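Peer 1: Okay, so here is model28.cif, and as you'll see once you scroll down, it has mmCIF, C-alpha atoms.
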```cif
data_input
loop_
_atom_site.label_atom_id
_atom_site.label_comp_id
_atom_site.auth_asym_id
_atom_site.auth_seq_id
_atom_site.Cartn_x
_atom_site.Cartn_y
_atom_site.Cartn_z
CA MET A 1 -6.10 24.19 6.08
CA ALA A 2 -2.93 22.12 6.23
CA ARG A 3 -1.08 20.17 3.56
CA TRP A 4 -0.57 16.48 4.35
CA ASN A 5 2.17 14.59 2.53
CA LEU A 6 1.50 10.86 2.74
CA VAL A 7 3.97 8.23 1.50
CA SER A 8 3.50 4.49 1.05
CA TRP A 9 6.27 1.97 0.36
CA ASN A 10 6.58 -1.80 0.20
CA VAL A 11 10.05 -2.09 1.73
CA ASN A 12 10.38 -5.87 1.17
CA GLY A 13 11.75 -6.36 4.66
CA LEU A 14 12.11 -3.43 7.04
CA ARG A 15 15.30 -4.77 8.59
CA ALA A 16 16.86 -5.12 5.13
CA ALA A 17 15.66 -1.64 4.16
CA HIS A 18 17.22 -0.25 7.34
CA ARG A 19 20.59 -1.67 6.29
CA LYS A 20 20.15 -0.04 2.88
CA GLY A 21 19.65 3.49 4.20
CA PHE A 22 15.94 3.60 5.05
CA LEU A 23 16.40 6.10 7.87
CA ASP A 24 18.56 8.41 5.74
CA TRP A 25 15.84 8.50 3.13
CA PHE A 26 13.14 8.96 5.78
CA GLY A 27 15.01 11.87 7.36
CA ALA A 28 15.35 13.61 4.01
CA ALA A 29 11.78 12.95 2.79
CA LYS A 30 10.08 14.04 6.04
CA PRO A 31 6.54 12.88 5.14
CA ASP A 32 3.70 13.67 7.49
CA VAL A 33 2.76 10.00 7.37
CA LEU A 34 4.76 7.02 6.14
CA ALA A 35 3.01 3.69 5.60
CA VAL A 36 5.16 0.65 4.80
CA GLN A 37 4.21 -2.85 3.79
CA GLU A 38 5.93 -6.23 3.91
CA THR A 39 7.90 -5.32 7.03
CA LYS A 40 8.67 -9.02 7.65
CA ALA A 41 9.33 -8.30 11.32
CA GLU A 42 7.76 -8.01 14.75
CA PRO A 43 8.52 -4.80 16.67
CA ASP A 44 10.96 -6.51 19.03
CA GLN A 45 13.02 -7.55 16.01
CA LEU A 46 13.48 -3.95 14.86
CA ASP A 47 16.25 -1.56 15.77
CA ASP A 48 15.17 1.13 18.24
CA ALA A 49 16.20 3.80 15.73
CA VAL A 50 13.56 2.48 13.33
CA LYS A 51 10.82 2.32 15.94
CA ALA A 52 11.60 5.72 17.49
CA VAL A 53 12.19 8.12 14.60
CA PRO A 54 12.34 11.62 16.13
CA GLY A 55 9.12 13.55 15.61
CA TYR A 56 7.04 10.48 14.73
CA ARG A 57 4.83 7.96 16.44
CA ALA A 58 5.18 4.45 14.98
CA GLU A 59 2.63 1.63 15.04
CA PHE A 60 2.98 -1.88 13.66
CA CYS A 61 0.82 -4.84 12.75
CA TRP A 62 2.46 -8.21 12.16
CA GLY A 63 1.47 -11.76 11.36
CA GLU A 64 1.88 -15.07 13.13
CA LYS A 65 4.43 -16.37 10.61
CA LYS A 66 7.93 -15.09 11.25
CA GLY A 67 9.51 -12.98 8.51
CA TYR A 68 6.30 -12.67 6.53
CA SER A 69 3.91 -9.85 5.62
CA GLY A 70 3.38 -7.05 8.18
CA VAL A 71 2.73 -3.31 7.95
CA GLY A 72 3.90 -0.23 9.83
CA THR A 73 2.89 3.43 9.94
CA TRP A 74 4.80 6.48 11.22
CA ALA A 75 2.89 9.72 11.79
CA LYS A 76 3.90 13.20 12.90
CA LYS A 77 0.44 13.90 14.28
CA ALA A 78 -0.73 11.30 16.79
CA PRO A 79 -3.88 9.56 15.56
CA ALA A 80 -7.06 9.64 17.58
CA GLN A 81 -7.32 5.88 17.18
CA VAL A 82 -5.26 2.95 15.86
CA GLU A 83 -6.85 -0.29 14.72
CA ARG A 84 -5.07 -3.49 13.72
CA GLY A 85 -6.64 -5.91 11.29
CA MET A 86 -10.13 -6.33 9.85
CA GLY A 87 -11.63 -8.45 12.61
CA VAL A 88 -11.36 -11.56 10.41
CA PRO A 89 -8.89 -14.12 11.80
CA GLU A 90 -8.16 -15.59 8.38
CA TYR A 91 -6.72 -12.24 7.31
CA ASP A 92 -5.55 -10.83 10.60
CA ARG A 93 -3.18 -13.68 11.39
CA GLU A 94 -1.13 -12.41 8.42
CA GLY A 95 -0.85 -8.83 9.73
CA ARG A 96 -2.03 -7.01 6.62
CA VAL A 97 -4.10 -4.02 7.78
CA LEU A 98 -3.27 -1.06 10.01
CA VAL A 99 -5.79 1.75 10.42
CA HIS A 100 -5.07 5.27 11.68
CA ARG A 101 -7.91 7.67 12.42
CA TRP A 102 -7.50 11.43 12.62
CA PRO A 103 -10.29 14.01 12.72
CA GLU A 104 -9.37 14.91 9.13
CA PHE A 105 -9.47 11.39 7.60
CA THR A 106 -8.92 7.68 8.16
CA LEU A 107 -5.89 5.96 6.64
CA TYR A 108 -5.87 2.27 5.75
CA ASN A 109 -2.34 0.93 5.31
CA VAL A 110 -2.80 -2.42 3.57
CA TYR A 111 -0.55 -5.16 2.26
CA PHE A 112 -2.96 -6.93 -0.08
CA PRO A 113 -2.31 -10.65 -0.69
CA ASN A 114 -0.29 -12.00 -3.61
CA GLY A 115 -2.07 -14.68 -5.62
CA LYS A 116 0.79 -16.05 -7.70
CA SER A 117 1.93 -19.03 -5.64
CA ARG A 118 -1.12 -21.28 -6.05
CA GLU A 119 -4.84 -21.30 -6.77
CA GLU A 120 -5.67 -21.34 -3.06
CA ARG A 121 -3.85 -18.04 -2.54
CA LEU A 122 -5.58 -16.44 -5.51
CA LYS A 123 -8.94 -17.34 -3.96
CA PHE A 124 -7.72 -15.93 -0.63
CA LYS A 125 -6.69 -12.71 -2.40
CA MET A 126 -10.08 -12.31 -4.07
CA ARG A 127 -11.91 -12.93 -0.77
CA PHE A 128 -9.71 -10.35 0.91
CA TYR A 129 -10.45 -7.82 -1.85
CA ALA A 130 -14.21 -8.34 -1.56
CA ASP A 131 -14.33 -8.28 2.24
CA PHE A 132 -12.11 -5.22 2.47
CA GLN A 133 -14.35 -3.33 0.05
CA LYS A 134 -17.47 -4.34 2.00
CA MET A 135 -15.90 -3.22 5.28
CA LEU A 136 -15.08 0.22 3.92
CA ALA A 137 -18.57 0.62 2.43
CA LYS A 138 -20.18 -0.22 5.78
CA ARG A 139 -17.98 2.29 7.55
CA ARG A 140 -18.82 5.04 5.06
CA LYS A 141 -22.50 4.43 5.70
CA LYS A 142 -21.80 4.91 9.40
CA GLY A 143 -20.16 8.28 8.77
CA GLU A 144 -16.51 7.49 8.01
CA THR A 145 -16.65 9.26 4.66
CA ARG A 146 -13.06 10.47 4.37
CA GLN A 147 -11.09 7.32 3.65
CA VAL A 148 -7.55 6.96 2.28
CA VAL A 149 -6.33 3.51 1.24
CA CYS A 150 -2.68 2.93 0.47
CA GLY A 151 -0.38 0.00 -0.04
CA ASP A 152 0.76 -2.79 -2.29
CA VAL A 153 -2.42 -3.94 -4.03
CA ASN A 154 -0.56 -6.65 -5.97
CA THR A 155 -2.52 -5.97 -9.17
CA ALA A 156 -1.83 -3.73 -12.15
CA HIS A 157 -5.12 -2.12 -13.12
CA ARG A 158 -4.82 -1.53 -16.85
CA ALA A 159 -2.48 -2.43 -19.71
CA ILE A 160 -0.80 0.93 -19.26
CA ASP A 161 0.14 -0.08 -15.71
CA LEU A 162 2.69 -2.72 -16.65
CA ALA A 163 5.41 -2.92 -19.28
CA ARG A 164 4.36 -6.25 -20.79
CA PRO A 165 0.60 -6.72 -20.52
CA LYS A 166 0.26 -9.37 -23.24
CA GLU A 167 2.92 -11.60 -21.74
CA ASN A 168 1.30 -11.34 -18.28
CA ALA A 169 -2.35 -11.67 -19.26
CA GLY A 170 -2.64 -15.06 -17.55
CA ILE A 171 -0.51 -14.24 -14.50
CA SER A 172 -1.89 -13.32 -11.09
CA GLY A 173 -1.39 -9.60 -10.72
CA PHE A 174 -3.00 -8.93 -14.09
CA LEU A 175 -5.83 -11.44 -14.26
CA PRO A 176 -9.25 -10.21 -15.48
CA GLU A 177 -10.90 -10.88 -12.11
CA GLU A 178 -8.21 -8.98 -10.21
CA ARG A 179 -8.42 -6.00 -12.56
CA ALA A 180 -12.21 -6.11 -12.39
CA TRP A 181 -12.02 -5.76 -8.61
CA ILE A 182 -10.11 -2.48 -8.99
CA ASP A 183 -12.80 -1.33 -11.44
CA ALA A 184 -15.45 -2.19 -8.86
CA PHE A 185 -13.55 -0.55 -6.03
CA LEU A 186 -13.22 2.70 -7.98
CA ALA A 187 -16.88 2.55 -8.99
CA ASP A 188 -17.76 2.17 -5.32
CA GLY A 189 -16.52 5.71 -4.69
CA PHE A 190 -12.72 5.86 -4.88
CA THR A 191 -10.14 7.67 -7.01
CA ASP A 192 -6.82 6.24 -8.17
CA THR A 193 -4.84 9.31 -7.15
CA PHE A 194 -1.87 8.83 -9.47
CA ARG A 195 -4.10 8.59 -12.53
CA ALA A 196 -5.88 11.76 -11.44
CA PHE A 197 -2.67 13.60 -12.39
CA GLU A 198 -0.84 11.35 -14.86
CA ALA A 199 -2.41 9.57 -17.83
CA GLY A 200 0.77 8.47 -19.56
CA PRO A 201 2.64 5.14 -19.71
CA ASP A 202 5.94 3.86 -18.27
CA HIS A 203 5.19 4.72 -14.64
CA TYR A 204 5.84 1.73 -12.39
CA SER A 205 6.34 1.02 -8.70
CA TYR A 206 7.65 -2.56 -8.77
CA TRP A 207 10.37 -4.30 -10.77
CA ASP A 208 11.53 -7.93 -10.65
CA GLN A 209 15.00 -8.00 -9.12
CA GLN A 210 16.20 -11.23 -10.66
CA SER A 211 15.91 -10.00 -14.24
CA ARG A 212 17.40 -6.54 -13.58
CA ALA A 213 14.07 -5.18 -14.78
CA ARG A 214 14.49 -1.88 -12.98
CA GLU A 215 17.44 -0.88 -15.13
CA ARG A 216 15.24 -1.38 -18.20
CA ASN A 217 12.08 -0.01 -16.53
CA VAL A 218 10.20 -3.24 -17.20
CA GLY A 219 7.85 -2.86 -14.29
CA TRP A 220 4.38 -2.93 -12.79
CA ARG A 221 2.33 -0.21 -11.10
CA ILE A 222 0.86 -2.17 -8.22
CA ASP A 223 1.28 0.32 -5.34
CA TYR A 224 -1.54 2.81 -4.94
CA PHE A 225 -3.16 5.61 -3.01
CA PHE A 226 -6.95 5.65 -3.29
CA VAL A 227 -9.12 8.38 -1.79
CA SER A 228 -12.86 8.27 -1.26
CA ASP A 229 -15.16 10.69 -3.06
CA ALA A 230 -15.39 12.91 0.02
CA LEU A 231 -11.66 13.67 -0.35
CA LYS A 232 -11.47 14.21 -4.11
CA GLY A 233 -11.62 17.97 -3.69
CA ASN A 234 -8.74 17.83 -1.18
CA LEU A 235 -6.37 16.01 -3.52
CA LYS A 236 -3.46 18.27 -4.51
CA GLY A 237 -0.88 15.90 -5.95
CA ALA A 238 0.30 12.32 -6.39
CA ALA A 239 3.59 10.81 -7.50
CA ILE A 240 5.73 7.70 -7.87
CA HIS A 241 9.37 7.89 -6.77
CA PRO A 242 11.44 5.39 -8.82
CA GLU A 243 14.69 7.11 -7.86
CA VAL A 244 14.36 5.76 -4.30
CA MET A 245 16.23 2.48 -3.96
CA GLY A 246 16.34 -0.13 -1.20
CA SER A 247 13.49 -2.43 -2.27
CA ASP A 248 12.04 -4.05 -5.38
CA HIS A 249 9.25 -1.48 -4.96
CA CYS A 250 9.59 2.30 -4.77
CA PRO A 251 7.57 4.75 -2.69
CA VAL A 252 4.37 6.38 -3.90
CA SER A 253 2.94 9.56 -2.45
CA VAL A 254 -0.10 11.79 -2.27
CA GLN A 255 -0.72 15.33 -1.07
CA LEU A 256 -3.97 16.34 0.57
CA GLU A 257 -5.07 19.77 1.73
CA LEU A 258 -7.28 19.43 4.78
#
```
What would you get if you wrote out this structure as structure tokens?

Peer 2:
Amino acid sequence: MARWNLVSWNVNGLRAAHRKGFLDWFGAAKPDVLAVQETKAEPDQLDDAVKAVPGYRAEFCWGEKKGYSGVGTWAKKAPAQVERGMGVPEYDREGRVLVHRWPEFTLYNVYFPNGKSREERLKFKMRFYADFQKMLAKRRKKGETRQVVCGDVNTAHRAIDLARPKENAGISGFLPEERAWIDAFLADGFTDTFRAFEAGPDHYSYWDQQSRARERNVGWRIDYFFVSDALKGNLKGAAIHPEVMGSDHCPVSVQLEL
């Protein structure tokens, strides 16, 4: 069996992260797989050093709108298959899903929608949640039982997952229907890996930059690794890495023995 170290990070612009030392961090961390969200770039807009990190194969999925959304995944072991999108144009034009399949498991790198801007986007977010969950359930029935989902989910699950739950009770990112979807997703056969190891408060992965919230640790835990039931026994560790700078989010990680 081999230990897989998987890392996920919303970089809030891959080109900006590159200028802030992304590759130095990457070279020191050396994950087996790195999944990033909100790349805000097409591959031809990225520096060759970012696309061709020694020892890794990189794949990207991007949207039609310039400088918006997008995901990318670097892997030491070449996947057997790479899939972009969900097969739904409404979602896929925003470049939110990148799938890597290995014999050991399937990884879904996902930048889930943000519902804060207007009611229309909240409805879009909830449709995306529901359709993504249905897609994974169908694939499990067809034999894809070992599923890993990572990314910026854009919702804090419980009151413990954000510093100020009362003040944000009516804000997208902590609405009852958004939180209920995470309940349903977990009930459908997934584990929130971080909470499998840490039950305490004050662990966040996102902080508002304008209010200097990170200095005060007034944050939200909205970045996750979920594993399907078939992988629960392979889960060996999970962590959040608030010491890593360069974005308004920090990386999260999981270790699997496969």

Peer 1: I want to know what sits within 10 Å of Gln133 (chain A), based on only C-alpha atoms, with residues of the same chain fewer than 4 positions away left out; could you give that as a ChimeraX atom specification?

Peer 2: /A:127-129,137-138,181,184-185,188

Peer 1: What is the distance, in Å and to one decimal place, between CA of Ala199 (chain A) and CA of Arg216 (chain A)?

Peer 2: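 Result for CA of Ala199 (chain A) versus CA of Arg216 (chain A): 20.8 Å, one decimal.
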
Peer 1: Applying 7 Å and all atoms listed in the file, which residues near Trp207 (chain A) remain after dropping the ones on its own chain fewer than 5 positions away? List them as a list in words.

Peer 2: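 In the requested format, the answer is Ala213, Arg214, Val218, Gly219, Trp220, Asp248 and His249 of chain A.
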
Peer 1: Tell me, in Å to one decimal, how far CA of Leu122 (chain A) is from CA of His157 (chain A).

Peer 2: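 Between CA of Leu122 (chain A) and CA of His157 (chain A) the gap works out to 16.2 Å.
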
Peer 1: Taking the file as shown, what set of residues would the PyMOL selection byres ((chain A and resi 116) around 10) give back, as a list in words?

Peer 2: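 Selection result, ordered by chain and number: Pro113, Asn114, Gly115, Ser117, Arg118, Glu119, Glu120, Arg121, Leu122, Lys125, Asn154, Ile171, Ser172 and Gly173 of chain A.
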
Peer 1: Using only C-alpha atoms, pick whichever of A:Lys134, A:Lys65, A:Arg3, A:His18 has the shortest atom-to-atom distance to Arg93 (chain A).

Peer 2: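 Selected residue with least distance to Arg93 (chain A): A:Lys65.
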
Peer 1: Here is a test: counting only C-alpha atoms, which residue of A:Thr191, A:Val153, A:Asn168, A:Ser253 is nearest to Val33 (chain A)?

Peer 2: A:Ser253

Peer 1: Between A:Gly55, A:Gly237, A:Pro242, A:Gly143, which residue has the minimum interatomic distance to Leu6 (chain A), considering all atoms listed in the file?

Peer 2: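 With all atoms listed in the file as the atom set, the closest residue is A:Gly237.
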
Peer 1: CA of Val88 (chain A) to CA of Pro43 (chain A): how many Å, to one decimal?

Peer 2: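 Spanning CA of Val88 (chain A) to CA of Pro43 (chain A) is a straight-line distance of 21.9 Å.
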
Peer 1: Using the chain letters and residue numbers of this document, give as JSON, numbers by chain the residues selected by the PyMOL selection byres ((chain A and resi 192) around 10).

Peer 2: {"A": [149, 157, 182, 185, 186, 190, 191, 193, 194, 195, 196, 197, 224, 225, 226, 227, 228, 238]}

Peer 1: When you count only C-alpha atoms, which of these residues is closest to Ala52 (chain A): A:Arg140, A:His203, A:Lys76, A:Lys232?

Peer 2: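 The closest residue to Ala52 (chain A) is A:Lys76.
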
Peer 1: Quick one: residues within 9 Å of Gly246 (chain A), only C-alpha atoms, excluding same-chain residues fewer than 4 positions away - as a list in words?

Peer 2: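 The neighbour list is Val11, Asn12, Ala16, Ala17, His18, Arg19, Lys20, Gly21, Phe22 and Cys250 of chain A.
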
Peer 1: Which of these residues is nearest to Gly95 (chain A), using only C-alpha atoms: A:Asp131, A:Glu38, A:Glu144, A:Asp32?

Peer 2: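 Using only C-alpha atoms, Gly95 (chain A) sits closest to A:Glu38.
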
Peer 1: Assuming the chain letters and numbering stay as they are in my file, what does the PyMOL selection byres ((chain A and resi 29) around 12) actually select? List them as a compact mmCIF listing (two decimals) with C-alpha atoms, keeping the file's coordinate frame.

Peer 2:
```
# COMPACT_ATOMS: atom_id res chain seq x y z
CA ASN A 5 2.17 14.59 2.53
CA LEU A 6 1.50 10.86 2.74
CA VAL A 7 3.97 8.23 1.50
CA SER A 8 3.50 4.49 1.05
CA PHE A 22 15.94 3.60 5.05
CA LEU A 23 16.40 6.10 7.87
CA ASP A 24 18.56 8.41 5.74
CA TRP A 25 15.84 8.50 3.13
CA PHE A 26 13.14 8.96 5.78
CA GLY A 27 15.01 11.87 7.36
CA ALA A 28 15.35 13.61 4.01
CA LYS A 30 10.08 14.04 6.04
CA PRO A 31 6.54 12.88 5.14
CA ASP A 32 3.70 13.67 7.49
CA VAL A 33 2.76 10.00 7.37
CA LEU A 34 4.76 7.02 6.14
CA HIS A 241 9.37 7.89 -6.77
CA VAL A 244 14.36 5.76 -4.30
CA PRO A 251 7.57 4.75 -2.69
CA VAL A 252 4.37 6.38 -3.90
CA SER A 253 2.94 9.56 -2.45
```

Peer 1: Pick from A:Asp48, A:Asp223, A:Asp208, A:Glu178: nearest to Asn109 (chain A), with all atoms listed in the file counted?

Peer 2: A:Asp223

Peer 1: If we count all atoms listed in the file and set the cut-off at 10 Å, which residues sit around Pro201 (chain A), ignoring sequence neighbours fewer than 6 positions away in its own chain? Please answer as a PyMOL selection string.

Peer 2: chain A and resi 159-163

Peer 1: If we count all atoms listed in the file and set the cut-off at 7 Å, which residues sit around region 99-108 of chain A, ignoring sequence neighbours fewer than 3 positions away in its own chain? Please answer as a ChimeraX atom specification.

Peer 2: /A:79-84,146-150,258
